[in-house]
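Visitor: Following this line is start-v6.cif, made up of mmCIF, C-alpha atoms:
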```
data_coords
#
loop_
_atom_site.label_atom_id
_atom_site.label_comp_id
_atom_site.auth_asym_id
_atom_site.auth_seq_id
_atom_site.Cartn_x
_atom_site.Cartn_y
_atom_site.Cartn_z
CA MET A 1 85.67 176.64 56.77
CA SER A 2 85.02 174.96 60.10
CA SER A 3 87.69 173.78 62.57
CA PRO A 4 87.65 170.25 64.01
CA GLU A 5 86.38 171.61 67.35
CA SER A 6 83.23 173.03 65.77
CA LEU A 7 82.29 170.02 63.64
CA ASP A 8 78.77 168.64 63.86
CA ILE A 9 76.83 166.04 61.96
CA GLU A 10 74.84 168.51 59.85
CA TYR A 11 77.95 170.37 58.77
CA VAL A 12 79.77 167.19 57.75
CA ALA A 13 76.68 165.98 55.85
CA SER A 14 76.65 169.29 53.95
CA LEU A 15 80.31 168.87 53.05
CA LEU A 16 79.67 165.35 51.77
CA LYS A 17 76.88 166.61 49.53
CA LEU A 18 79.10 169.36 48.13
CA SER A 19 81.96 166.92 47.58
CA SER A 20 79.82 165.23 44.91
CA ASP A 21 78.96 168.47 43.11
CA ALA A 22 79.47 168.38 39.36
CA SER A 23 81.47 171.63 39.32
CA PRO A 24 85.23 171.42 40.05
CA ARG A 25 84.99 174.93 41.52
CA VAL A 26 82.76 173.48 44.23
CA TYR A 27 84.06 169.96 44.92
CA ARG A 28 87.80 170.69 44.78
CA PRO A 29 87.96 173.11 47.76
CA VAL A 30 85.42 170.99 49.64
CA ASN A 31 87.46 167.83 49.10
CA GLN A 32 90.58 169.65 50.23
CA HIS A 33 88.80 170.77 53.39
CA LEU A 34 87.61 167.22 54.08
CA ASP A 35 91.18 166.01 53.64
CA ASP A 36 92.42 168.69 56.03
CA LEU A 37 89.89 167.65 58.67
CA GLY A 38 91.18 164.11 58.31
CA ILE A 39 90.64 161.63 61.11
CA ASP A 40 88.37 164.05 63.01
CA LEU A 41 85.68 163.20 60.45
CA LEU A 42 85.52 159.50 61.27
CA PRO A 43 82.85 159.52 64.01
CA PHE A 44 80.59 161.69 61.85
CA LEU A 45 81.18 159.61 58.72
CA LYS A 46 80.24 156.44 60.58
CA GLU A 47 77.06 158.00 61.95
CA ILE A 48 76.06 159.36 58.54
CA PHE A 49 76.80 156.02 56.89
CA TYR A 50 74.42 154.14 59.19
CA ARG A 51 71.62 156.70 59.39
CA ASP A 52 71.49 158.39 55.94
CA PRO A 53 71.05 155.96 52.99
CA GLU A 54 71.42 158.76 50.45
CA LEU A 55 74.81 159.88 51.74
CA ALA A 56 76.01 156.41 52.80
CA PRO A 57 78.05 155.75 49.61
CA VAL A 58 79.89 159.09 49.94
CA ALA A 59 80.46 158.57 53.66
CA ARG A 60 81.79 155.06 53.00
CA ARG A 61 84.21 156.39 50.39
CA TRP A 62 85.64 159.02 52.71
CA TRP A 63 85.70 156.59 55.62
CA GLY A 64 87.81 154.18 53.56
CA ARG A 65 90.04 157.00 52.38
CA LEU A 66 90.80 158.18 55.90
CA ILE A 67 91.74 154.76 57.28
CA MET A 68 94.24 153.89 54.53
CA ALA A 69 97.26 154.67 56.71
CA ASP A 70 95.97 152.31 59.40
CA LEU A 71 95.14 149.64 56.81
CA LYS A 72 98.65 149.72 55.39
CA ALA A 73 100.17 149.41 58.85
CA ASP A 74 97.80 146.58 59.78
CA LEU A 75 98.50 144.78 56.51
CA ARG A 76 102.25 145.03 57.03
CA ARG A 77 101.81 143.66 60.55
CA TRP A 78 99.57 140.84 59.29
CA GLN A 79 102.16 139.84 56.71
CA THR A 80 104.96 139.60 59.26
CA GLU A 81 103.06 138.26 62.26
CA GLN A 82 99.73 136.73 61.24
CA GLY A 83 100.11 135.63 57.65
CA GLU A 84 98.61 132.25 58.46
CA ASP A 85 95.22 133.88 59.13
CA LEU A 86 93.73 134.25 55.67
CA LEU A 87 90.46 135.79 56.82
CA THR A 88 92.23 138.70 58.53
CA GLY A 89 94.15 139.51 55.36
CA ILE A 90 90.96 139.37 53.31
CA THR A 91 89.23 141.66 55.81
CA LEU A 92 91.95 144.30 55.58
CA MET A 93 91.71 144.28 51.79
CA THR A 94 87.94 144.57 51.98
CA GLN A 95 87.99 147.56 54.32
CA ALA A 96 89.67 149.84 51.77
CA ALA A 97 86.37 149.82 49.88
CA TYR A 98 83.92 148.66 52.57
CA PRO A 99 85.30 149.93 55.90
CA GLU A 100 82.14 148.87 57.73
CA ILE A 101 82.91 145.17 57.10
CA SER A 102 84.71 143.63 60.08
CA ARG A 103 86.50 140.33 60.51
CA ASP A 104 83.68 139.25 62.82
CA ASP A 105 81.17 139.93 60.04
CA LEU A 106 83.08 137.77 57.57
CA HIS A 107 83.79 135.08 60.15
CA ARG A 108 80.10 134.84 61.08
CA ASP A 109 78.94 134.48 57.48
CA VAL A 110 81.69 132.05 56.52
CA PHE A 111 81.03 129.97 59.62
CA GLN A 112 77.37 129.67 58.68
CA GLN A 113 78.51 128.15 55.39
CA ILE A 114 80.95 125.88 57.21
CA LEU A 115 78.14 124.55 59.41
CA ARG A 116 75.85 123.88 56.45
CA VAL A 117 78.60 122.02 54.58
CA TRP A 118 79.60 120.12 57.73
CA MET A 119 76.03 118.96 58.35
CA GLU A 120 76.03 117.33 54.92
CA ALA A 121 79.59 116.03 55.05
CA LYS A 122 80.01 114.73 58.60
CA SER A 123 79.04 111.15 57.66
CA TYR A 124 81.70 110.93 54.93
CA TYR A 125 85.13 109.63 55.83
CA SER A 126 87.12 109.20 52.63
CA LEU A 127 88.73 112.26 51.06
CA LYS A 128 86.96 111.62 47.76
CA GLU A 129 83.53 111.40 49.39
CA LEU A 130 84.20 114.50 51.44
CA ILE A 131 85.20 116.55 48.38
CA GLN A 132 82.10 115.34 46.54
CA SER A 133 79.92 116.36 49.48
CA ILE A 134 81.52 119.81 49.74
CA ASN A 135 81.06 120.38 46.01
CA HIS A 136 77.43 119.27 46.12
CA THR A 137 76.56 121.53 49.06
CA LEU A 138 78.40 124.62 47.82
CA PHE A 139 77.60 124.51 44.13
CA GLN A 140 74.28 122.67 43.97
CA VAL A 141 72.51 123.33 47.27
CA GLU A 142 73.94 126.78 48.08
CA GLY A 143 74.18 127.82 44.43
CA TYR A 144 77.66 129.34 44.33
CA GLN A 145 78.89 129.94 40.79
CA GLY A 146 81.25 131.96 38.66
CA ASN A 147 80.03 135.36 37.53
CA ASP A 148 80.48 135.12 33.76
CA GLU A 149 78.10 138.01 33.08
CA ASP A 150 80.08 140.68 34.93
CA PHE A 151 83.48 139.09 35.51
CA TYR A 152 85.48 142.30 35.92
CA ALA A 153 83.10 144.16 38.24
CA PRO A 154 84.96 145.14 41.44
CA GLU A 155 82.26 143.53 43.60
CA ASN A 156 83.19 140.21 42.05
CA PHE A 157 86.45 140.17 44.01
CA PHE A 158 85.03 140.66 47.52
CA LEU A 159 84.25 137.71 49.78
CA HIS A 160 81.29 139.38 51.50
CA TRP A 161 79.73 140.04 48.09
CA LEU A 162 80.13 136.39 47.14
CA LEU A 163 78.49 135.29 50.40
CA ALA A 164 75.55 137.62 49.81
CA HIS A 165 75.01 137.05 46.08
CA ARG A 166 76.45 133.57 45.46
CA ARG A 167 78.44 134.80 42.44
CA GLY A 168 82.12 135.55 42.30
CA SER A 169 85.52 135.25 40.67
CA PRO A 170 87.86 132.24 40.65
CA LEU A 171 89.76 133.88 43.52
CA THR A 172 86.81 134.54 45.83
CA LEU A 173 85.26 131.14 45.16
CA SER A 174 88.61 129.50 45.90
CA ILE A 175 89.06 131.53 49.10
CA LEU A 176 85.66 130.39 50.33
CA TYR A 177 86.46 126.79 49.41
CA ILE A 178 89.78 126.96 51.28
CA LEU A 179 88.23 128.50 54.40
CA ILE A 180 85.51 125.84 54.49
CA GLY A 181 87.61 122.86 53.44
CA GLN A 182 90.38 123.52 55.94
CA ARG A 183 87.90 123.73 58.82
CA LEU A 184 86.62 120.29 57.77
CA GLY A 185 90.13 118.87 57.87
CA VAL A 186 90.71 118.82 54.11
CA PRO A 187 94.29 119.77 53.07
CA VAL A 188 93.22 122.41 50.52
CA PHE A 189 95.39 125.38 49.56
CA GLY A 190 95.40 128.03 46.86
CA VAL A 191 97.33 127.79 43.61
CA ASN A 192 98.18 131.18 42.10
CA LEU A 193 98.04 130.79 38.31
CA PRO A 194 98.33 133.36 35.50
CA TYR A 195 94.78 134.57 34.69
CA HIS A 196 93.24 132.01 37.02
CA PHE A 197 93.17 130.72 40.58
CA VAL A 198 92.45 127.14 41.66
CA VAL A 199 92.64 124.92 44.72
CA ALA A 200 95.11 122.11 45.36
CA VAL A 201 94.22 119.06 47.43
CA MET A 202 97.30 117.48 48.97
CA GLU A 203 98.01 113.76 49.08
CA ASN A 204 99.01 113.66 52.73
CA ALA A 205 95.61 114.28 54.25
CA PRO A 206 95.71 114.51 58.05
CA PRO A 207 93.13 112.54 60.07
CA ARG A 208 89.73 114.21 59.99
CA PRO A 209 88.79 115.96 63.23
CA GLY A 210 86.00 114.27 65.09
CA GLY A 211 82.79 116.12 65.81
CA PHE A 212 82.70 119.88 65.35
CA PRO A 213 84.72 121.65 62.59
CA ALA A 214 88.39 122.19 63.44
CA ALA A 215 89.43 125.51 64.95
CA ASP A 216 92.77 125.71 63.16
CA PRO A 217 93.71 125.15 59.50
CA PRO A 218 95.98 122.23 58.59
CA PRO A 219 99.71 123.05 58.46
CA PHE A 220 101.08 124.40 55.22
CA PRO A 221 102.52 121.56 53.08
CA GLN A 222 106.21 120.73 53.23
CA PRO A 223 108.19 121.10 49.95
CA ASP A 224 108.24 117.32 49.38
CA GLU A 225 104.46 116.89 49.76
CA LYS A 226 102.61 116.14 46.55
CA VAL A 227 99.33 117.45 45.15
CA ALA A 228 96.71 114.74 44.71
CA PHE A 229 94.53 116.78 42.35
CA TYR A 230 93.23 120.29 41.71
CA ILE A 231 89.74 121.81 41.99
CA ASN A 232 88.38 124.49 39.67
CA THR A 233 85.92 126.32 41.91
CA TYR A 234 84.86 128.56 39.02
CA ARG A 235 83.49 125.48 37.27
CA LYS A 236 81.53 124.11 40.23
CA GLY A 237 84.33 122.11 41.77
CA ALA A 238 85.55 120.30 38.64
CA VAL A 239 88.51 118.05 39.45
CA PHE A 240 91.60 117.99 37.23
CA PHE A 241 95.19 116.76 37.39
CA HIS A 242 98.81 117.80 36.85
CA HIS A 243 98.91 117.04 33.12
CA GLN A 244 95.71 119.02 32.52
CA LEU A 245 97.08 122.01 34.40
CA LYS A 246 100.24 121.80 32.30
CA ASP A 247 98.14 121.77 29.10
CA PHE A 248 96.23 124.84 30.33
CA LEU A 249 99.43 126.79 30.97
CA VAL A 250 100.76 125.95 27.50
CA GLN A 251 97.46 126.99 25.90
CA ILE A 252 97.58 130.44 27.51
CA GLY A 253 101.23 130.90 26.50
CA HIS A 254 102.94 130.46 29.87
CA GLU A 255 105.88 128.25 30.69
CA PRO A 256 104.80 125.52 33.14
CA ARG A 257 106.92 126.75 36.04
CA PRO A 258 107.10 124.59 39.21
CA GLU A 259 105.39 127.27 41.33
CA TYR A 260 102.27 127.04 39.14
CA PHE A 261 101.71 123.48 40.36
CA GLN A 262 102.30 124.01 44.07
CA PRO A 263 100.16 125.62 46.79
CA CYS A 264 100.92 129.21 47.74
CA THR A 265 100.88 130.84 51.16
CA ASN A 266 98.26 133.39 52.19
CA THR A 267 100.29 136.48 51.27
CA PRO A 268 100.11 135.78 47.48
CA ILE A 269 96.36 135.18 47.84
CA VAL A 270 95.79 138.56 49.48
CA THR A 271 98.21 140.22 47.03
CA ARG A 272 96.23 138.70 44.16
CA MET A 273 93.04 140.17 45.63
CA ALA A 274 94.67 143.62 45.71
CA ARG A 275 95.86 143.29 42.12
CA ASN A 276 92.47 142.10 40.87
CA LEU A 277 90.74 145.03 42.55
CA GLU A 278 93.30 147.51 41.25
CA VAL A 279 92.63 146.34 37.69
CA ALA A 280 88.86 146.14 38.19
CA TYR A 281 88.63 149.73 39.42
CA GLU A 282 90.94 150.90 36.62
CA ARG A 283 88.57 149.33 34.08
CA ILE A 284 85.66 151.46 35.31
CA GLY A 285 87.77 154.63 35.54
CA ASP A 286 87.81 154.86 39.34
CA GLU A 287 91.42 155.92 39.80
CA GLU A 288 91.04 156.76 43.49
CA MET A 289 89.94 153.23 44.36
CA ALA A 290 92.51 151.72 41.99
CA GLY A 291 95.15 153.79 43.77
CA ARG A 292 94.09 152.47 47.17
CA TYR A 293 94.54 148.88 46.05
CA ARG A 294 97.79 149.70 44.28
CA ALA A 295 99.10 151.10 47.57
CA LEU A 296 98.02 148.01 49.51
CA ARG A 297 99.56 145.70 46.91
CA GLU A 298 102.84 147.60 47.15
CA VAL A 299 102.86 147.07 50.94
CA LEU A 300 102.79 143.31 50.37
CA ASP A 301 105.31 143.48 47.51
CA ASP A 302 107.93 145.30 49.61
#
```
Rewrite the structure of this file - the entire thing - as structure tokens.

Guide:
Amino acid sequence: MSSPESLDIEYVASLLKLSSDASPRVYRPVNQHLDDLGIDLLPFLKEIFYRDPELAPVARRWWGRLIMADLKADLRRWQTEQGEDLLTGITLMTQAAYPEISRDDLHRDVFQQILRVWMEAKSYYSLKELIQSINHTLFQVEGYQGNDEDFYAPENFFLHWLLAHRRGSPLTLSILYILIGQRLGVPVFGVNLPYHFVVAVMENAPPRPGGFPAADPPPFPQPDEKVAFYINTYRKGAVFFHHQLKDFLVQIGHEPRPEYFQPCTNTPIVTRMARNLEVAYERIGDEEMAGRYRALREVLDD
């Protein structure tokens, strides 16, 4: 086996091919050798990912595997220092499976959506009109919708996949709605429900920013602030109220606890993403990927 000093792109490509061999007698020692080489593989994996479409999925998998220690450290730091930045938390979760996706990539694509929604909504001044305009642009013009056909597919829980394919889960649709709505000055926040995720619109709406979309999200609501209504992004922005949410919780067999009616901070949103992906990968028998998201979830649960 080669030492790190003698690595080259052809040798690493050969190892990646052998790591997918059907025989355990082949792939087990090869995988062990790749693990032993560790971080020294990263430059080669990145080059192979971008230049070799056939080996790109294998290179991506090993790339994600090798940066897990850094991801856990970054996620722990985000939770303690930058928890108000939702997009950074989402990016860190994404990189365990798609390490090539950067925060700049997500920010660029989300901001394009923000601009398109803003162009339609900038002439509306009441909260009701603004919500109606956002819903029309996102769900009618842009075509975002819930993915009923393949609800539990892992891709369904990634924001970049939603932006590319316009289909997603209640969580990813709500994340997009929050990121867009907050930049337009709408006091929207996530509500972490059993088996579902929705958006709360607060009563105390701050004045709308003039001109270009706001750079910073509105402050997180104080405990005495009330929810005006809720939005079900999975059903194209359907509006519902406290009593309807209470009925839903009773129907699914859950006690209507106070926390189910109030907005949550960003850490539960990112934790929910990790949990959803852990379960999604378990359902398709991908224990390695499920284990990655279990490890990231445990970082946030500590």

Visitor: Using the chain letters and numbers from this file, what does the PyMOL selection byres ((chain A and resi 241) around 12) select? Give the answer as a list in words.

Guide: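 Those residues are Val198, Val199, Ala200, Val201, Met202, Lys226, Val227, Ala228, Phe229, Tyr230, Ile231, Asn232, Ala238, Val239, Phe240, His242, His243, Gln244, Leu245, Lys246, Asp247, Phe248 and Phe261 of chain A.
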
Visitor: Restricting the calculation to all atoms listed in the file: of A:Val141, A:Ala121, A:Ala164, A:Val270, which residue gets closest to Ile90 (chain A)?

Guide: A:Val270

Visitor: Leaving out region 172-188 of chain A and any residue of its chain fewer than 5 positions from it, which residues lie within 9 Å of it when counting only C-alpha atoms, given as a CSV table (one decimal) with C-alpha atoms, keeping the file's coordinate frame?

Guide:
```csv
chain,number,residue,atom,x,y,z
A,86,LEU,CA,93.7,134.2,55.7
A,87,LEU,CA,90.5,135.8,56.8
A,110,VAL,CA,81.7,132.0,56.5
A,111,PHE,CA,81.0,130.0,59.6
A,113,GLN,CA,78.5,128.2,55.4
A,114,ILE,CA,81.0,125.9,57.2
A,115,LEU,CA,78.1,124.6,59.4
A,117,VAL,CA,78.6,122.0,54.6
A,118,TRP,CA,79.6,120.1,57.7
A,121,ALA,CA,79.6,116.0,55.0
A,122,LYS,CA,80.0,114.7,58.6
A,127,LEU,CA,88.7,112.3,51.1
A,130,LEU,CA,84.2,114.5,51.4
A,131,ILE,CA,85.2,116.6,48.4
A,134,ILE,CA,81.5,119.8,49.7
A,138,LEU,CA,78.4,124.6,47.8
A,144,TYR,CA,77.7,129.3,44.3
A,145,GLN,CA,78.9,129.9,40.8
A,146,GLY,CA,81.2,132.0,38.7
A,156,ASN,CA,83.2,140.2,42.0
A,157,PHE,CA,86.4,140.2,44.0
A,158,PHE,CA,85.0,140.7,47.5
A,159,LEU,CA,84.2,137.7,49.8
A,162,LEU,CA,80.1,136.4,47.1
A,163,LEU,CA,78.5,135.3,50.4
A,167,ARG,CA,78.4,134.8,42.4
A,197,PHE,CA,93.2,130.7,40.6
A,198,VAL,CA,92.4,127.1,41.7
A,199,VAL,CA,92.6,124.9,44.7
A,200,ALA,CA,95.1,122.1,45.4
A,201,VAL,CA,94.2,119.1,47.4
A,202,MET,CA,97.3,117.5,49.0
A,203,GLU,CA,98.0,113.8,49.1
A,204,ASN,CA,99.0,113.7,52.7
A,205,ALA,CA,95.6,114.3,54.2
A,206,PRO,CA,95.7,114.5,58.0
A,207,PRO,CA,93.1,112.5,60.1
A,208,ARG,CA,89.7,114.2,60.0
A,209,PRO,CA,88.8,116.0,63.2
A,212,PHE,CA,82.7,119.9,65.4
A,213,PRO,CA,84.7,121.6,62.6
A,214,ALA,CA,88.4,122.2,63.4
A,215,ALA,CA,89.4,125.5,65.0
A,216,ASP,CA,92.8,125.7,63.2
A,217,PRO,CA,93.7,125.2,59.5
A,218,PRO,CA,96.0,122.2,58.6
A,219,PRO,CA,99.7,123.0,58.5
A,220,PHE,CA,101.1,124.4,55.2
A,221,PRO,CA,102.5,121.6,53.1
A,231,ILE,CA,89.7,121.8,42.0
A,232,ASN,CA,88.4,124.5,39.7
A,233,THR,CA,85.9,126.3,41.9
A,234,TYR,CA,84.9,128.6,39.0
A,263,PRO,CA,100.2,125.6,46.8
A,269,ILE,CA,96.4,135.2,47.8
A,273,MET,CA,93.0,140.2,45.6
```

Visitor: Selected by the PyMOL selection byres ((chain A and resi 67-83) around 8) in the shown coordinates: which residues, as a PyMOL selection string?

Guide: chain A and resi 39+63-66+84-86+88-89+92+95-96+266-267+292+295-296+299-300

Visitor: Now that the selection is made, can you save its residues with C-alpha atoms as a short mmCIF file (atom, residue, chain, number, x, y, z; two decimals), in the coordinates of the input?

Guide:
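As written to disk, part.cif reads:
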```cif
data_model
loop_
_atom_site.label_atom_id
_atom_site.label_comp_id
_atom_site.auth_asym_id
_atom_site.auth_seq_id
_atom_site.Cartn_x
_atom_site.Cartn_y
_atom_site.Cartn_z
CA ILE A 39 90.64 161.63 61.11
CA TRP A 63 85.70 156.59 55.62
CA GLY A 64 87.81 154.18 53.56
CA ARG A 65 90.04 157.00 52.38
CA LEU A 66 90.80 158.18 55.90
CA GLU A 84 98.61 132.25 58.46
CA ASP A 85 95.22 133.88 59.13
CA LEU A 86 93.73 134.25 55.67
CA THR A 88 92.23 138.70 58.53
CA GLY A 89 94.15 139.51 55.36
CA LEU A 92 91.95 144.30 55.58
CA GLN A 95 87.99 147.56 54.32
CA ALA A 96 89.67 149.84 51.77
CA ASN A 266 98.26 133.39 52.19
CA THR A 267 100.29 136.48 51.27
CA ARG A 292 94.09 152.47 47.17
CA ALA A 295 99.10 151.10 47.57
CA LEU A 296 98.02 148.01 49.51
CA VAL A 299 102.86 147.07 50.94
CA LEU A 300 102.79 143.31 50.37
#
```

Visitor: Taking all atoms listed in the file into account, which of A:Leu34, A:Leu277, A:Leu41, A:Ala153 comes nearest Ala97 (chain A)?

Guide: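 Nearest candidate to Ala97 (chain A) out of A:Leu34, A:Leu277, A:Leu41, A:Ala153: A:Leu277.
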
Visitor: Find the residue from A:Arg275, A:Arg297, A:Arg166, A:His160 that sits nearest to Thr94 (chain A); use all atoms listed in the file when measuring.

Guide: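 Residue with the minimum atom-to-atom distance to Thr94 (chain A): A:His160.
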
Visitor: Restricting the calculation to all atoms listed in the file, which member of A:Val191, A:Leu37, A:Ala13, A:Ile284 is positioned closest to Glu259 (chain A)?

Guide: A:Val191

Visitor: Would you mind reading off the distance between CA of Asp40 (chain A) and CA of Arg61 (chain A), one decimal, in Å?

Guide: 15.3 Å

Visitor: Rounded to one decimal in Å, what is the spacing between CA of Pro223 (chain A) and CA of Glu255 (chain A)?

Guide: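 Computed distance, CA of Pro223 (chain A) to CA of Glu255 (chain A), equals 20.7 Å.
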
Visitor: Convert the output of the PyMOL selection byres ((chain A and resi 290) around 8) on the shown file into explicit residues, formatted as a PyMOL selection string.

Guide: chain A and resi 277-282+286-289+291-294

Visitor: Between CA of Trp62 (chain A) and CA of Gly38 (chain A), what is the spacing in Å?

Guide: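 One can read the CA of Gly38 (chain A) to CA of Trp62 (chain A) distance as 9.4 Å.
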
Visitor: Rank nothing, just name the residue among A:Ala22, A:Cys264, A:Leu16, A:Ile252 nearest to Arg60 (chain A), using all atoms listed in the file.

Guide: A:Leu16

Visitor: Between A:Lys17, A:His107, A:Arg283, A:Arg272, single out the one closest to Gly190 (chain A), counting all atoms listed in the file.

Guide: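 Closest to Gly190 (chain A), using all atoms listed in the file: A:Arg272.
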